[in-house]
$ cat work_8.pdb   # PDB, C-alpha atoms
ATOM      1  CA  MET Y   1     177.511 -33.372 271.787
ATOM      2  CA  ALA Y   2     176.057 -30.647 273.944
ATOM      3  CA  ARG Y   3     172.345 -30.754 274.588
ATOM      4  CA  THR Y   4     170.332 -27.824 273.434
ATOM      5  CA  LYS Y   5     168.614 -26.219 276.369
ATOM      6  CA  THR Y   6     164.919 -25.773 275.759
ATOM      7  CA  THR Y   7     163.112 -22.796 277.170
ATOM      8  CA  THR Y   8     159.442 -22.261 277.752
ATOM      9  CA  ASN Y   9     157.654 -18.967 277.540
ATOM     10  CA  PRO Y  10     156.801 -17.607 280.945
ATOM     11  CA  PRO Y  11     153.086 -17.363 281.769
ATOM     12  CA  PRO Y  12     151.531 -13.953 281.129
ATOM     13  CA  PRO Y  13     151.623 -11.648 284.139
ATOM     14  CA  ARG Y  14     148.571 -11.885 286.362
ATOM     15  CA  VAL Y  15     146.264  -8.919 285.907
ATOM     16  CA  ASN Y  16     145.616  -6.907 289.034
ATOM     17  CA  TYR Y  17     141.874  -6.450 288.583
ATOM     18  CA  LYS Y  18     141.548  -4.925 292.042
ATOM     19  CA  ALA Y  19     143.783  -2.040 290.928
ATOM     20  CA  LEU Y  20     141.896  -1.624 287.639
ATOM     21  CA  TYR Y  21     138.446  -1.749 289.261
ATOM     22  CA  PRO Y  22     138.921  -0.484 292.836
ATOM     23  CA  TRP Y  23     135.177   0.162 293.199
ATOM     24  CA  ALA Y  24     134.316  -3.527 292.719
ATOM     25  CA  PRO Y  25     133.746  -5.646 295.853
ATOM     26  CA  ASP Y  26     135.754  -8.847 296.213
ATOM     27  CA  GLU Y  27     132.717 -11.030 295.482
ATOM     28  CA  LEU Y  28     132.300  -9.320 292.129
ATOM     29  CA  LEU Y  29     135.987  -9.650 291.282
ATOM     30  CA  ASP Y  30     135.724 -13.359 292.104
ATOM     31  CA  GLU Y  31     132.803 -13.853 289.685
ATOM     32  CA  CYS Y  32     134.626 -15.354 286.684
ATOM     33  CA  SER Y  33     133.322 -17.572 283.922
ATOM     34  CA  SER Y  34     134.119 -21.272 283.674
ATOM     35  CA  LEU Y  35     133.229 -21.146 279.948
ATOM     36  CA  THR Y  36     136.764 -20.481 278.750
ATOM     37  CA  SER Y  37     137.349 -22.881 275.856
ATOM     38  CA  LEU Y  38     136.033 -23.628 272.401
ATOM     39  CA  LYS Y  39     134.757 -26.932 273.786
ATOM     40  CA  ASP Y  40     132.536 -25.004 276.224
ATOM     41  CA  TRP Y  41     131.083 -23.089 273.279
ATOM     42  CA  ARG Y  42     130.519 -26.306 271.319
ATOM     43  CA  ASP Y  43     128.924 -27.987 274.327
ATOM     44  CA  HIS Y  44     126.463 -25.093 274.545
ATOM     45  CA  VAL Y  45     125.555 -25.285 270.866
ATOM     46  CA  GLY Y  46     125.177 -29.076 270.953
ATOM     47  CA  GLU Y  47     124.016 -31.140 268.009
ATOM     48  CA  PRO Y  48     122.889 -29.257 264.862
ATOM     49  CA  GLY Y  49     119.422 -30.816 265.023
ATOM     50  CA  ALA Y  50     118.820 -29.348 268.484
ATOM     51  CA  TYR Y  51     120.609 -26.083 267.860
ATOM     52  CA  GLN Y  52     117.497 -23.887 267.817
ATOM     53  CA  GLY Y  53     117.206 -24.388 271.560
ATOM     54  CA  SER Y  54     120.697 -23.005 272.132
ATOM     55  CA  ALA Y  55     121.001 -20.369 269.416
ATOM     56  CA  PHE Y  56     122.521 -16.991 270.206
ATOM     57  CA  SER Y  57     120.937 -14.944 267.401
ATOM     58  CA  LYS Y  58     117.391 -14.367 266.180
ATOM     59  CA  ARG Y  59     118.528 -14.750 262.575
ATOM     60  CA  HIS Y  60     121.895 -16.457 262.275
ATOM     61  CA  ASP Y  61     124.944 -16.507 264.463
ATOM     62  CA  ILE Y  62     127.068 -14.815 261.788
ATOM     63  CA  TYR Y  63     125.454 -11.571 262.999
ATOM     64  CA  ILE Y  64     126.854 -12.039 266.500
ATOM     65  CA  VAL Y  65     130.210 -13.284 267.786
ATOM     66  CA  VAL Y  66     129.868 -15.202 271.038
ATOM     67  CA  ARG Y  67     133.216 -16.185 272.486
ATOM     68  CA  PRO Y  68     134.485 -18.079 275.509
ATOM     69  CA  CYS Y  69     135.873 -15.910 278.289
ATOM     70  CA  THR Y  70     139.419 -15.462 279.478
ATOM     71  CA  PRO Y  71     140.229 -17.562 282.573
ATOM     72  CA  GLY Y  72     140.214 -15.510 285.756
ATOM     73  CA  GLU Y  73     138.509 -12.523 284.114
ATOM     74  CA  PRO Y  74     135.778 -11.046 286.353
ATOM     75  CA  VAL Y  75     132.337 -10.133 285.051
ATOM     76  CA  CYS Y  76     132.878  -6.431 285.795
ATOM     77  CA  VAL Y  77     135.712  -5.807 283.308
ATOM     78  CA  ASP Y  78     135.364  -3.401 280.381
ATOM     79  CA  GLU Y  79     136.916  -2.967 276.915
ATOM     80  CA  ARG Y  80     140.386  -2.627 278.446
ATOM     81  CA  SER Y  81     140.399  -6.411 278.821
ATOM     82  CA  ASN Y  82     139.501  -6.899 275.141
ATOM     83  CA  ASN Y  83     142.141  -4.770 273.397
ATOM     84  CA  GLY Y  84     139.725  -1.857 273.217
ATOM     85  CA  GLU Y  85     137.047  -3.821 271.313
ATOM     86  CA  ALA Y  86     133.510  -3.298 272.595
ATOM     87  CA  PHE Y  87     131.659  -6.305 274.034
ATOM     88  CA  PHE Y  88     129.302  -7.336 276.796
ATOM     89  CA  PHE Y  89     128.894 -10.432 278.949
ATOM     90  CA  LEU Y  90     125.703 -12.471 279.156
ATOM     91  CA  TYR Y  91     125.022 -15.514 281.311
ATOM     92  CA  GLN Y  92     124.556 -18.820 279.501
ATOM     93  CA  THR Y  93     121.281 -19.546 281.285
ATOM     94  CA  VAL Y  94     119.662 -16.485 279.648
ATOM     95  CA  PHE Y  95     120.241 -18.118 276.250
ATOM     96  CA  LYS Y  96     119.641 -21.702 277.268
ATOM     97  CA  ARG Y  97     116.712 -21.628 279.686
ATOM     98  CA  ILE Y  98     115.032 -18.286 279.083
ATOM     99  CA  GLY Y  99     115.487 -18.312 275.310
ATOM    100  CA  LEU Y 100     116.738 -14.772 274.850
ATOM    101  CA  ARG Y 101     118.106 -14.169 271.343
ATOM    102  CA  LEU Y 102     120.327 -11.399 270.032
ATOM    103  CA  PRO Y 103     120.411  -8.649 268.951
ATOM    104  CA  PHE Y 104     118.402  -7.047 271.712
ATOM    105  CA  SER Y 105     115.049  -5.629 270.697
ATOM    106  CA  ARG Y 106     114.390  -1.909 270.911
ATOM    107  CA  PHE Y 107     112.378  -2.518 274.088
ATOM    108  CA  GLU Y 108     115.225  -4.479 275.716
ATOM    109  CA  ARG Y 109     117.788  -1.809 274.827
ATOM    110  CA  GLU Y 110     115.596   1.003 276.105
ATOM    111  CA  LEU Y 111     114.845  -0.839 279.345
ATOM    112  CA  LEU Y 112     118.527  -1.537 280.041
ATOM    113  CA  THR Y 113     119.236   2.144 279.398
ATOM    114  CA  GLU Y 114     116.340   3.320 281.555
ATOM    115  CA  ILE Y 115     117.490   1.320 284.581
ATOM    116  CA  ASN Y 116     121.191   1.828 283.728
ATOM    117  CA  VAL Y 117     122.436  -1.751 283.981
ATOM    118  CA  ALA Y 118     124.586  -4.001 281.787
ATOM    119  CA  PRO Y 119     123.095  -7.255 280.436
ATOM    120  CA  ALA Y 120     125.124  -9.449 282.817
ATOM    121  CA  GLN Y 121     124.091  -7.272 285.758
ATOM    122  CA  LEU Y 122     120.436  -8.307 285.497
ATOM    123  CA  HIS Y 123     119.367 -11.397 287.431
ATOM    124  CA  PRO Y 124     118.106 -14.276 285.213
ATOM    125  CA  ASN Y 125     114.648 -14.135 286.816
ATOM    126  CA  SER Y 126     114.414 -10.524 285.680
ATOM    127  CA  TRP Y 127     115.426 -11.475 282.135
ATOM    128  CA  ALA Y 128     112.598 -14.009 282.271
ATOM    129  CA  PHE Y 129     110.149 -11.236 283.247
ATOM    130  CA  ILE Y 130     111.327  -9.191 280.262
ATOM    131  CA  LYS Y 131     111.027 -12.160 277.895
ATOM    132  CA  ALA Y 132     107.556 -13.160 279.087
ATOM    133  CA  PHE Y 133     106.336  -9.555 279.024
ATOM    134  CA  GLY Y 134     107.400  -9.280 275.377
ATOM    135  CA  ILE Y 135     105.566 -12.508 274.529
ATOM    136  CA  LEU Y 136     102.404 -11.320 276.275
ATOM    137  CA  CYS Y 137     102.464  -7.955 274.517
ATOM    138  CA  GLY Y 138     103.046  -9.703 271.184
ATOM    139  CA  TYR Y 139     100.061 -11.950 271.843
ATOM    140  CA  PHE Y 140      97.833  -8.882 272.166
ATOM    141  CA  GLY Y 141      99.419  -7.239 269.118
ATOM    142  CA  GLN Y 142     101.302  -4.556 270.998
ATOM    143  CA  PRO Y 143     105.006  -3.715 270.924
ATOM    144  CA  PRO Y 144     106.370  -3.922 274.490
ATOM    145  CA  SER Y 145     106.819  -0.547 276.143
ATOM    146  CA  VAL Y 146     109.232   0.457 278.890
ATOM    147  CA  ASP Y 147     106.593   2.656 280.556
ATOM    148  CA  VAL Y 148     104.029  -0.156 280.570
ATOM    149  CA  PHE Y 149     106.619  -2.612 281.911
ATOM    150  CA  LEU Y 150     107.493  -0.196 284.718
ATOM    151  CA  HIS Y 151     103.814   0.056 285.605
ATOM    152  CA  PHE Y 152     103.948  -3.623 286.616
ATOM    153  CA  PHE Y 153     107.578  -3.953 287.785
ATOM    154  CA  GLU Y 154     110.059  -1.982 289.850
ATOM    155  CA  ILE Y 155     113.679  -2.181 291.010
ATOM    156  CA  LYS Y 156     114.231  -1.985 294.726
ATOM    157  CA  LYS Y 157     117.446  -1.651 296.694
ATOM    158  CA  GLN Y 158     119.640  -4.652 296.039
ATOM    159  CA  GLY Y 159     120.751  -5.260 299.599
ATOM    160  CA  LYS Y 160     123.698  -7.666 299.591
ATOM    161  CA  SER Y 161     122.985  -9.040 296.110
ATOM    162  CA  LEU Y 162     125.288  -7.889 293.315
ATOM    163  CA  TRP Y 163     122.667  -8.523 290.645
ATOM    164  CA  VAL Y 164     119.722  -6.287 289.862
ATOM    165  CA  SER Y 165     116.236  -7.742 290.176
ATOM    166  CA  PHE Y 166     112.777  -6.607 289.147
ATOM    167  CA  SER Y 167     109.882  -7.327 291.463
ATOM    168  CA  GLY Y 168     106.175  -7.154 290.812
ATOM    169  CA  ILE Y 169     104.304  -4.231 292.329
ATOM    170  CA  ALA Y 170     101.751  -5.112 294.986
ATOM    171  CA  GLY Y 171      98.252  -5.012 293.535
ATOM    172  CA  ARG Y 172      99.584  -5.159 289.959
ATOM    173  CA  ILE Y 173     101.285  -8.556 289.846
ATOM    174  CA  LEU Y 174     101.361  -9.653 286.211
ATOM    175  CA  LEU Y 175     103.914 -12.511 286.103
ATOM    176  CA  SER Y 176     105.168 -15.113 288.543
ATOM    177  CA  LEU Y 177     108.855 -15.789 289.162
ATOM    178  CA  PHE Y 178     110.440 -17.982 286.503
ATOM    179  CA  GLN Y 179     112.359 -19.884 289.193
ATOM    180  CA  GLN Y 180     111.752 -19.492 292.911
ATOM    181  CA  SER Y 181     115.330 -20.460 293.758
ATOM    182  CA  TYR Y 182     117.445 -19.920 290.669
ATOM    183  CA  LYS Y 183     120.620 -21.981 291.032
ATOM    184  CA  GLY Y 184     123.583 -23.064 288.951
ATOM    185  CA  TRP Y 185     123.847 -19.996 286.712
ATOM    186  CA  ARG Y 186     126.684 -18.092 288.331
ATOM    187  CA  GLY Y 187     130.169 -18.450 286.924
ATOM    188  CA  LYS Y 188     128.880 -19.339 283.427
ATOM    189  CA  PHE Y 189     128.795 -16.449 280.994
ATOM    190  CA  PHE Y 190     129.934 -15.712 277.444
ATOM    191  CA  ARG Y 191     131.531 -12.670 275.813
ATOM    192  CA  VAL Y 192     129.382 -11.113 273.058
ATOM    193  CA  CYS Y 193     130.842  -8.965 270.253
ATOM    194  CA  CYS Y 194     129.419  -7.580 267.019
ATOM    195  CA  THR Y 195     130.534  -8.464 263.485
ATOM    196  CA  GLU Y 196     130.782  -6.650 260.171
ATOM    197  CA  HIS Y 197     127.304  -8.002 259.394
ATOM    198  CA  ASP Y 198     125.751  -5.827 262.103
ATOM    199  CA  ARG Y 199     127.827  -3.046 263.631
ATOM    200  CA  THR Y 200     124.806  -1.748 265.591
ATOM    201  CA  ALA Y 201     124.387  -4.872 267.739
ATOM    202  CA  LEU Y 202     126.088  -3.218 270.719
ATOM    203  CA  ASP Y 203     124.500   0.225 270.364
ATOM    204  CA  GLY Y 204     121.977   1.832 272.664
ATOM    205  CA  PHE Y 205     122.494   0.236 276.094
ATOM    206  CA  PRO Y 206     125.154  -0.058 278.844
ATOM    207  CA  LEU Y 207     127.718  -2.723 277.959
ATOM    208  CA  TYR Y 208     129.751  -2.951 281.164
ATOM    209  CA  TRP Y 209     128.946  -3.376 284.838
ATOM    210  CA  VAL Y 210     127.506  -0.138 286.205
ATOM    211  CA  LYS Y 211     128.518   1.052 289.655
ATOM    212  CA  LYS Y 212     125.280   2.860 290.409
ATOM    213  CA  VAL Y 213     121.939   1.358 289.384
ATOM    214  CA  LYS Y 214     118.967   3.624 288.815
ATOM    215  CA  LEU Y 215     116.146   2.728 291.178
ATOM    216  CA  THR Y 216     112.751   2.961 289.507
ATOM    217  CA  LYS Y 217     109.491   4.253 290.908
ATOM    218  CA  PRO Y 218     106.272   2.499 289.936
ATOM    219  CA  LYS Y 219     104.472   4.329 287.143
ATOM    220  CA  THR Y 220     100.822   4.973 287.890
ATOM    221  CA  LEU Y 221      98.124   4.877 285.223
ATOM    222  CA  ASP Y 222      97.722   8.631 285.529
ATOM    223  CA  GLU Y 223     101.347   9.121 284.472
ATOM    224  CA  LEU Y 224     100.889   7.142 281.256
ATOM    225  CA  PRO Y 225      99.447   8.294 277.925
ATOM    226  CA  SER Y 226      95.991   6.969 277.056
ATOM    227  CA  THR Y 227      97.299   4.267 274.698
ATOM    228  CA  ASP Y 228      99.617   2.868 277.387
ATOM    229  CA  ARG Y 229      96.802   2.978 279.954
ATOM    230  CA  GLU Y 230      94.648   0.866 277.641
ATOM    231  CA  VAL Y 231      97.472  -1.637 277.177
ATOM    232  CA  CYS Y 232      97.924  -1.868 280.964
ATOM    233  CA  GLN Y 233      94.213  -2.551 281.401
ATOM    234  CA  ILE Y 234      94.238  -5.297 278.767
ATOM    235  CA  LEU Y 235      97.308  -6.979 280.277
ATOM    236  CA  ALA Y 236      95.920  -6.717 283.805
ATOM    237  CA  SER Y 237      92.692  -8.401 282.707
ATOM    238  CA  VAL Y 238      94.436 -11.779 282.293
ATOM    239  CA  GLY Y 239      95.469 -11.971 285.941
ATOM    240  CA  VAL Y 240      98.775 -13.423 287.145
ATOM    241  CA  LEU Y 241     100.449 -15.561 284.483
ATOM    242  CA  ASP Y 242     103.183 -18.178 284.843
ATOM    243  CA  THR Y 243     106.371 -16.763 283.323
ATOM    244  CA  ALA Y 244     107.794 -20.202 282.527
ATOM    245  CA  GLU Y 245     104.579 -21.253 280.779
ATOM    246  CA  LEU Y 246     104.573 -18.172 278.552
ATOM    247  CA  ILE Y 247     108.213 -18.684 277.556
ATOM    248  CA  ALA Y 248     107.608 -22.379 276.814
ATOM    249  CA  ARG Y 249     104.712 -21.469 274.485
ATOM    250  CA  GLU Y 250     106.412 -18.587 272.667
ATOM    251  CA  PHE Y 251     106.441 -20.247 269.234
ATOM    252  CA  ASN Y 252     103.178 -22.191 269.604
ATOM    253  CA  SER Y 253     100.323 -19.763 269.079
ATOM    254  CA  ASP Y 254      97.613 -22.370 269.721
ATOM    255  CA  ALA Y 255      99.107 -23.426 273.042
ATOM    256  CA  LEU Y 256      99.693 -19.791 274.000
ATOM    257  CA  THR Y 257      96.100 -18.852 273.170
ATOM    258  CA  GLN Y 258      94.772 -21.825 275.101
ATOM    259  CA  TYR Y 259      96.860 -20.967 278.165
ATOM    260  CA  ILE Y 260      95.989 -17.249 278.252
ATOM    261  CA  SER Y 261      92.301 -17.805 277.490
ATOM    262  CA  THR Y 262      91.972 -20.124 280.494
ATOM    263  CA  ARG Y 263      93.240 -17.329 282.760
ATOM    264  CA  THR Y 264      90.659 -14.745 281.694
ATOM    265  CA  THR Y 265      87.091 -14.353 282.899
ATOM    266  CA  PRO Y 266      84.713 -15.974 280.372
ATOM    267  CA  HIS Y 267      82.638 -13.546 278.322
ATOM    268  CA  PRO Y 268      80.566 -13.868 275.138
ATOM    269  CA  LEU Y 269      83.181 -11.848 273.234
ATOM    270  CA  SER Y 270      86.216 -13.569 274.742
ATOM    271  CA  SER Y 271      86.528 -16.019 271.869
ATOM    272  CA  LEU Y 272      86.656 -13.127 269.400
ATOM    273  CA  ILE Y 273      89.388 -11.434 271.404
ATOM    274  CA  SER Y 274      91.393 -14.647 271.675
ATOM    275  CA  ALA Y 275      91.011 -15.445 267.990
ATOM    276  CA  SER Y 276      92.110 -11.929 267.018
ATOM    277  CA  ALA Y 277      95.085 -12.049 269.365
ATOM    278  CA  SER Y 278      96.068 -15.513 268.136
ATOM    279  CA  PHE Y 279      95.939 -14.321 264.527
ATOM    280  CA  TYR Y 280      98.176 -11.391 265.295
ATOM    281  CA  HIS Y 281     100.571 -13.493 267.359
ATOM    282  CA  SER Y 282     101.037 -15.884 264.427
ATOM    283  CA  SER Y 283     101.708 -12.958 262.071
ATOM    284  CA  TYR Y 284     104.015 -11.312 264.599
ATOM    285  CA  MET Y 285     106.089 -14.475 265.113
ATOM    286  CA  TYR Y 286     106.325 -15.029 261.348
ATOM    287  CA  CYS Y 287     107.749 -11.529 260.885
ATOM    288  CA  LEU Y 288     110.073 -11.945 263.888
ATOM    289  CA  CYS Y 289     111.494 -15.219 262.579
ATOM    290  CA  THR Y 290     111.795 -14.316 258.888
ATOM    291  CA  LEU Y 291     112.540 -10.616 258.564
ATOM    292  CA  ASP Y 292     115.959  -9.020 258.749
ATOM    293  CA  LEU Y 293     114.951  -6.185 261.042
ATOM    294  CA  HIS Y 294     118.204  -4.306 260.387
ATOM    295  CA  SER Y 295     117.769  -4.303 256.609
ATOM    296  CA  MET Y 296     114.940  -1.886 255.957
ATOM    297  CA  SER Y 297     115.319  -2.099 252.189
ATOM    298  CA  ASP Y 298     114.315  -5.777 252.376
ATOM    299  CA  CYS Y 299     111.361  -5.521 254.717
ATOM    300  CA  THR Y 300     109.876  -2.003 254.614
ATOM    301  CA  PHE Y 301     106.671  -3.207 253.016
ATOM    302  CA  MET Y 302     106.190  -6.060 255.497
ATOM    303  CA  LEU Y 303     106.894  -3.825 258.467
ATOM    304  CA  GLN Y 304     104.411  -1.233 257.259
ATOM    305  CA  LEU Y 305     101.837  -3.959 256.740
ATOM    306  CA  SER Y 306     102.545  -5.283 260.232
ATOM    307  CA  LEU Y 307     102.085  -1.804 261.719
ATOM    308  CA  CYS Y 308      98.757  -1.447 259.926
ATOM    309  CA  LEU Y 309      97.627  -4.819 261.253
ATOM    310  CA  THR Y 310      98.712  -3.772 264.724
ATOM    311  CA  SER Y 311      96.766  -0.514 264.612
ATOM    312  CA  VAL Y 312      93.592  -2.123 263.289
ATOM    313  CA  LEU Y 313      93.711  -5.051 265.708
ATOM    314  CA  PHE Y 314      94.496  -2.909 268.737
ATOM    315  CA  ALA Y 315      91.731  -0.440 267.908
ATOM    316  CA  SER Y 316      89.334  -3.384 267.639
ATOM    317  CA  LEU Y 317      90.497  -4.862 270.949
ATOM    318  CA  VAL Y 318      90.138  -1.549 272.741
ATOM    319  CA  GLN Y 319      86.639  -1.069 271.367
ATOM    320  CA  ILE Y 320      85.645  -4.623 272.328
ATOM    321  CA  ARG Y 321      86.976  -4.060 275.849
ATOM    322  CA  LYS Y 322      84.807  -0.953 276.125
ATOM    323  CA  TRP Y 323      81.770  -3.057 275.227
ATOM    324  CA  ILE Y 324      82.601  -5.689 277.848
TER     325      ILE Y 324
END
$ encode --input "work_8.pdb" --output "structure tokens"
Amino acid sequence: MARTKTTTNPPPPRVNYKALYPWAPDELLDECSSLTSLKDWRDHVGEPGAYQGSAFSKRHDIYIVVRPCTPGEPVCVDERSNNGEAFFFLYQTVFKRIGLRLPFSRFERELLTEINVAPAQLHPNSWAFIKAFGILCGYFGQPPSVDVFLHFFEIKKQGKSLWVSFSGIAGRILLSLFQQSYKGWRGKFFRVCCTEHDRTALDGFPLYWVKKVKLTKPKTLDELPSTDREVCQILASVGVLDTAELIAREFNSDALTQYISTRTTPHPLSSLISASASFYHSSYMYCLCTLDLHSMSDCTFMLQLSLCLTSVLFASLVQIRKWI
């Protein structure tokens, strides 16, 4: 009886990424993710009881699809590698250590657009600056602003580095580096796609690696509107803060208040300022954690109330600062 000859499917042809992305240097084409299996995704998520520390979404992960990457696929590819479906890459450390959650906030989208970089193109230390800046603004009851951020931070020429980094401006240092020597993050990123639950999750910012980054010039106080100038003055009054400490205290308003209050110059009205800021921070975090920010029909009233609280508190803080 003749044996039946078994055949195996040949491996898929190797993609010539150099031909598809001739502008990309070899180092960039060699930057591929080791997170290529469902097990890698499960290892990131971990046990359900500890999942909050590894979550991808602010609300629930059904709003975002986070997938393992294709083996050998460089970080600079675009939708051509995903059958035309839009996506972006983001390094695992930004979720795991810095605590960034999706979808991006309006501030994060606008900042990425302003500097013209994709999410994976930004160095993790710079993501930590963005995260801590948002926490600090929330503590004082102010939505983070791109113009205010660019008063304290700038992008300089990258030199040999492929990743874009913010640096504090001399004389206006607001936050310390999250990690002096950030190691172990390269080669570990996920692919992020949207779902039918939120088709806007990928709107409003560059998705894919940008060949030419926009260098920013420091914004002076004179260039800013009066409201932004007042915010800059309030933020500058706390001195240089530890980025890692702010991120660690994001969801603990008492610990955050205690940390920031110890960095400010004591004043008879300081306790009133801290108490007011702590009250707003608690309200702000409650809204952030409970509201579906993309479903206006469900939260219009709460958002309007939050805006009213913001206006009243900020007006009070500004007036108190004038008395100090």
$ atom_distance --input "work_8.pdb" --atom1 "CA of Phe205 in chain Y" --atom2 "CA of Val164 in chain Y"
15.5 Å
$ residues_around --input "work_8.pdb" --residues "Pro25 in chain Y" --least-positions-apart "5" --cutoff "12 Å" --atoms "all atoms listed in the file" --output "JSON, numbers by chain"
{"Y": [17, 18, 19, 30, 31, 74, 75, 76, 160, 161, 162, 211]}
$ resolve_selection --input "work_8.pdb" --expression "the PyMOL selection byres ((chain Y and resi 37) around 10)" --output "compact mmCIF listing (two decimals) with C-alpha atoms, keeping the file's coordinate frame"
# COMPACT_ATOMS: atom_id res chain seq x y z
CA SER Y 34 134.12 -21.27 283.67
CA LEU Y 35 133.23 -21.15 279.95
CA THR Y 36 136.76 -20.48 278.75
CA LEU Y 38 136.03 -23.63 272.40
CA LYS Y 39 134.76 -26.93 273.79
CA ASP Y 40 132.54 -25.00 276.22
CA TRP Y 41 131.08 -23.09 273.28
CA ARG Y 42 130.52 -26.31 271.32
CA ASP Y 43 128.92 -27.99 274.33
CA ARG Y 67 133.22 -16.18 272.49
CA PRO Y 68 134.49 -18.08 275.51
CA CYS Y 69 135.87 -15.91 278.29
CA THR Y 70 139.42 -15.46 279.48
CA PRO Y 71 140.23 -17.56 282.57
$ atom_distance --input "work_8.pdb" --atom1 "CA of Pro218 in chain Y" --atom2 "CA of Thr243 in chain Y"
20.4 Å
$ closest_residue --input "work_8.pdb" --among "Y:Ser237, Y:Tyr182, Y:Gln158, Y:Tyr21" --to "Phe140 in chain Y" --atoms "only C-alpha atoms"
Y:Ser237
$ atom_distance --input "work_8.pdb" --atom1 "CA of Pro144 in chain Y" --atom2 "CA of Lys219 in chain Y"
15.2 Å
$ closest_atom_pairs --input "work_8.pdb" --of "range 154-248 of chain Y" --to "range 88-95 of chain Y" --cutoff "7 Å" --atoms "all atoms listed in the file" --output "Markdown table"
| residue | atom | partner | partner_atom | distance |
| --- | --- | --- | --- | --- |
| Y:Trp185 | CA | Y:Thr93 | CA | 6.0 |
| Y:Lys188 | CA | Y:Tyr91 | CA | 5.8 |
| Y:Phe189 | CA | Y:Tyr91 | CA | 3.9 |
| Y:Phe190 | CA | Y:Phe89 | CA | 5.6 |
| Y:Arg191 | CA | Y:Phe89 | CA | 4.7 |
| Y:Val192 | CA | Y:Phe88 | CA | 5.3 |
| Y:Cys193 | CA | Y:Phe88 | CA | 6.9 |
| Y:Leu207 | CA | Y:Phe88 | CA | 5.0 |
| Y:Tyr208 | CA | Y:Phe88 | CA | 6.2 |
$ resolve_selection --input "work_8.pdb" --expression "the PyMOL selection byres ((chain Y and resi 111) around 12)" --output "PDB file with C-alpha atoms, in the frame of the given file"
ATOM      1  CA  PHE Y 104     118.402  -7.047 271.712  1.00  0.00           C
ATOM      2  CA  SER Y 105     115.049  -5.629 270.697  1.00  0.00           C
ATOM      3  CA  ARG Y 106     114.390  -1.909 270.911  1.00  0.00           C
ATOM      4  CA  PHE Y 107     112.378  -2.518 274.088  1.00  0.00           C
ATOM      5  CA  GLU Y 108     115.225  -4.479 275.716  1.00  0.00           C
ATOM      6  CA  ARG Y 109     117.788  -1.809 274.827  1.00  0.00           C
ATOM      7  CA  GLU Y 110     115.596   1.003 276.105  1.00  0.00           C
ATOM      8  CA  LEU Y 112     118.527  -1.537 280.041  1.00  0.00           C
ATOM      9  CA  THR Y 113     119.236   2.144 279.398  1.00  0.00           C
ATOM     10  CA  GLU Y 114     116.340   3.320 281.555  1.00  0.00           C
ATOM     11  CA  ILE Y 115     117.490   1.320 284.581  1.00  0.00           C
ATOM     12  CA  ASN Y 116     121.191   1.828 283.728  1.00  0.00           C
ATOM     13  CA  VAL Y 117     122.436  -1.751 283.981  1.00  0.00           C
ATOM     14  CA  ALA Y 118     124.586  -4.001 281.787  1.00  0.00           C
ATOM     15  CA  PRO Y 119     123.095  -7.255 280.436  1.00  0.00           C
ATOM     16  CA  LEU Y 122     120.436  -8.307 285.497  1.00  0.00           C
ATOM     17  CA  SER Y 126     114.414 -10.524 285.680  1.00  0.00           C
ATOM     18  CA  TRP Y 127     115.426 -11.475 282.135  1.00  0.00           C
ATOM     19  CA  ILE Y 130     111.327  -9.191 280.262  1.00  0.00           C
ATOM     20  CA  GLY Y 134     107.400  -9.280 275.377  1.00  0.00           C
ATOM     21  CA  PRO Y 144     106.370  -3.922 274.490  1.00  0.00           C
ATOM     22  CA  SER Y 145     106.819  -0.547 276.143  1.00  0.00           C
ATOM     23  CA  VAL Y 146     109.232   0.457 278.890  1.00  0.00           C
ATOM     24  CA  ASP Y 147     106.593   2.656 280.556  1.00  0.00           C
ATOM     25  CA  VAL Y 148     104.029  -0.156 280.570  1.00  0.00           C
ATOM     26  CA  PHE Y 149     106.619  -2.612 281.911  1.00  0.00           C
ATOM     27  CA  LEU Y 150     107.493  -0.196 284.718  1.00  0.00           C
ATOM     28  CA  PHE Y 153     107.578  -3.953 287.785  1.00  0.00           C
ATOM     29  CA  GLU Y 154     110.059  -1.982 289.850  1.00  0.00           C
ATOM     30  CA  ILE Y 155     113.679  -2.181 291.010  1.00  0.00           C
ATOM     31  CA  PHE Y 166     112.777  -6.607 289.147  1.00  0.00           C
ATOM     32  CA  GLY Y 204     121.977   1.832 272.664  1.00  0.00           C
ATOM     33  CA  PHE Y 205     122.494   0.236 276.094  1.00  0.00           C
ATOM     34  CA  PRO Y 206     125.154  -0.058 278.844  1.00  0.00           C
ATOM     35  CA  LYS Y 214     118.967   3.624 288.815  1.00  0.00           C
ATOM     36  CA  THR Y 216     112.751   2.961 289.507  1.00  0.00           C
TER      37      THR Y 216
END
$ closest_residue --input "work_8.pdb" --among "Y:Leu20, Y:Leu175, Y:Val45, Y:Ala120" --to "Ile247 in chain Y" --atoms "all atoms listed in the file"
Y:Leu175
$ closest_residue --input "work_8.pdb" --among "Y:Arg172, Y:Arg80, Y:His151, Y:Arg101" --to "Ala236 in chain Y" --atoms "all atoms listed in the file"
Y:Arg172
$ resolve_selection --input "work_8.pdb" --expression "the PyMOL selection byres ((chain Y and resi 195) around 7)" --output "list in words"
Tyr63, Ile64, Val65, Cys193, Cys194, Glu196, His197, Asp198 and Arg199 of chain Y
$ axis_aligned_box --input "work_8.pdb" --around "range 223-231 of chain Y" --padding-each-side "6 Å" --output "JSON"
{"center_x": 98.0, "center_y": 3.7, "center_z": 279.6, "size_x": 18.7, "size_y": 22.8, "size_z": 21.8}
$ residues_around --input "work_8.pdb" --residues "Gln233 in chain Y" --least-positions-apart "2" --cutoff "12 Å" --atoms "all atoms listed in the file" --output "number ranges by chain"
Y: 140, 148, 151-152, 172, 174, 220-221, 224, 226-231, 235-239, 317-318, 321-322
$ decode --input "work_8.pdb" --residues "range 247-251 of chain Y" --atoms "C-alpha atoms" --output "tab-separated table (two decimals), in the first residue's frame"
chain	number	residue	atom	x	y	z
Y	247	ILE	CA	2.05	59.14	39.37
Y	248	ALA	CA	2.14	56.83	42.41
Y	249	ARG	CA	-0.35	59.09	44.23
Y	250	GLU	CA	-2.75	59.66	41.33
Y	251	PHE	CA	-5.73	57.91	42.94
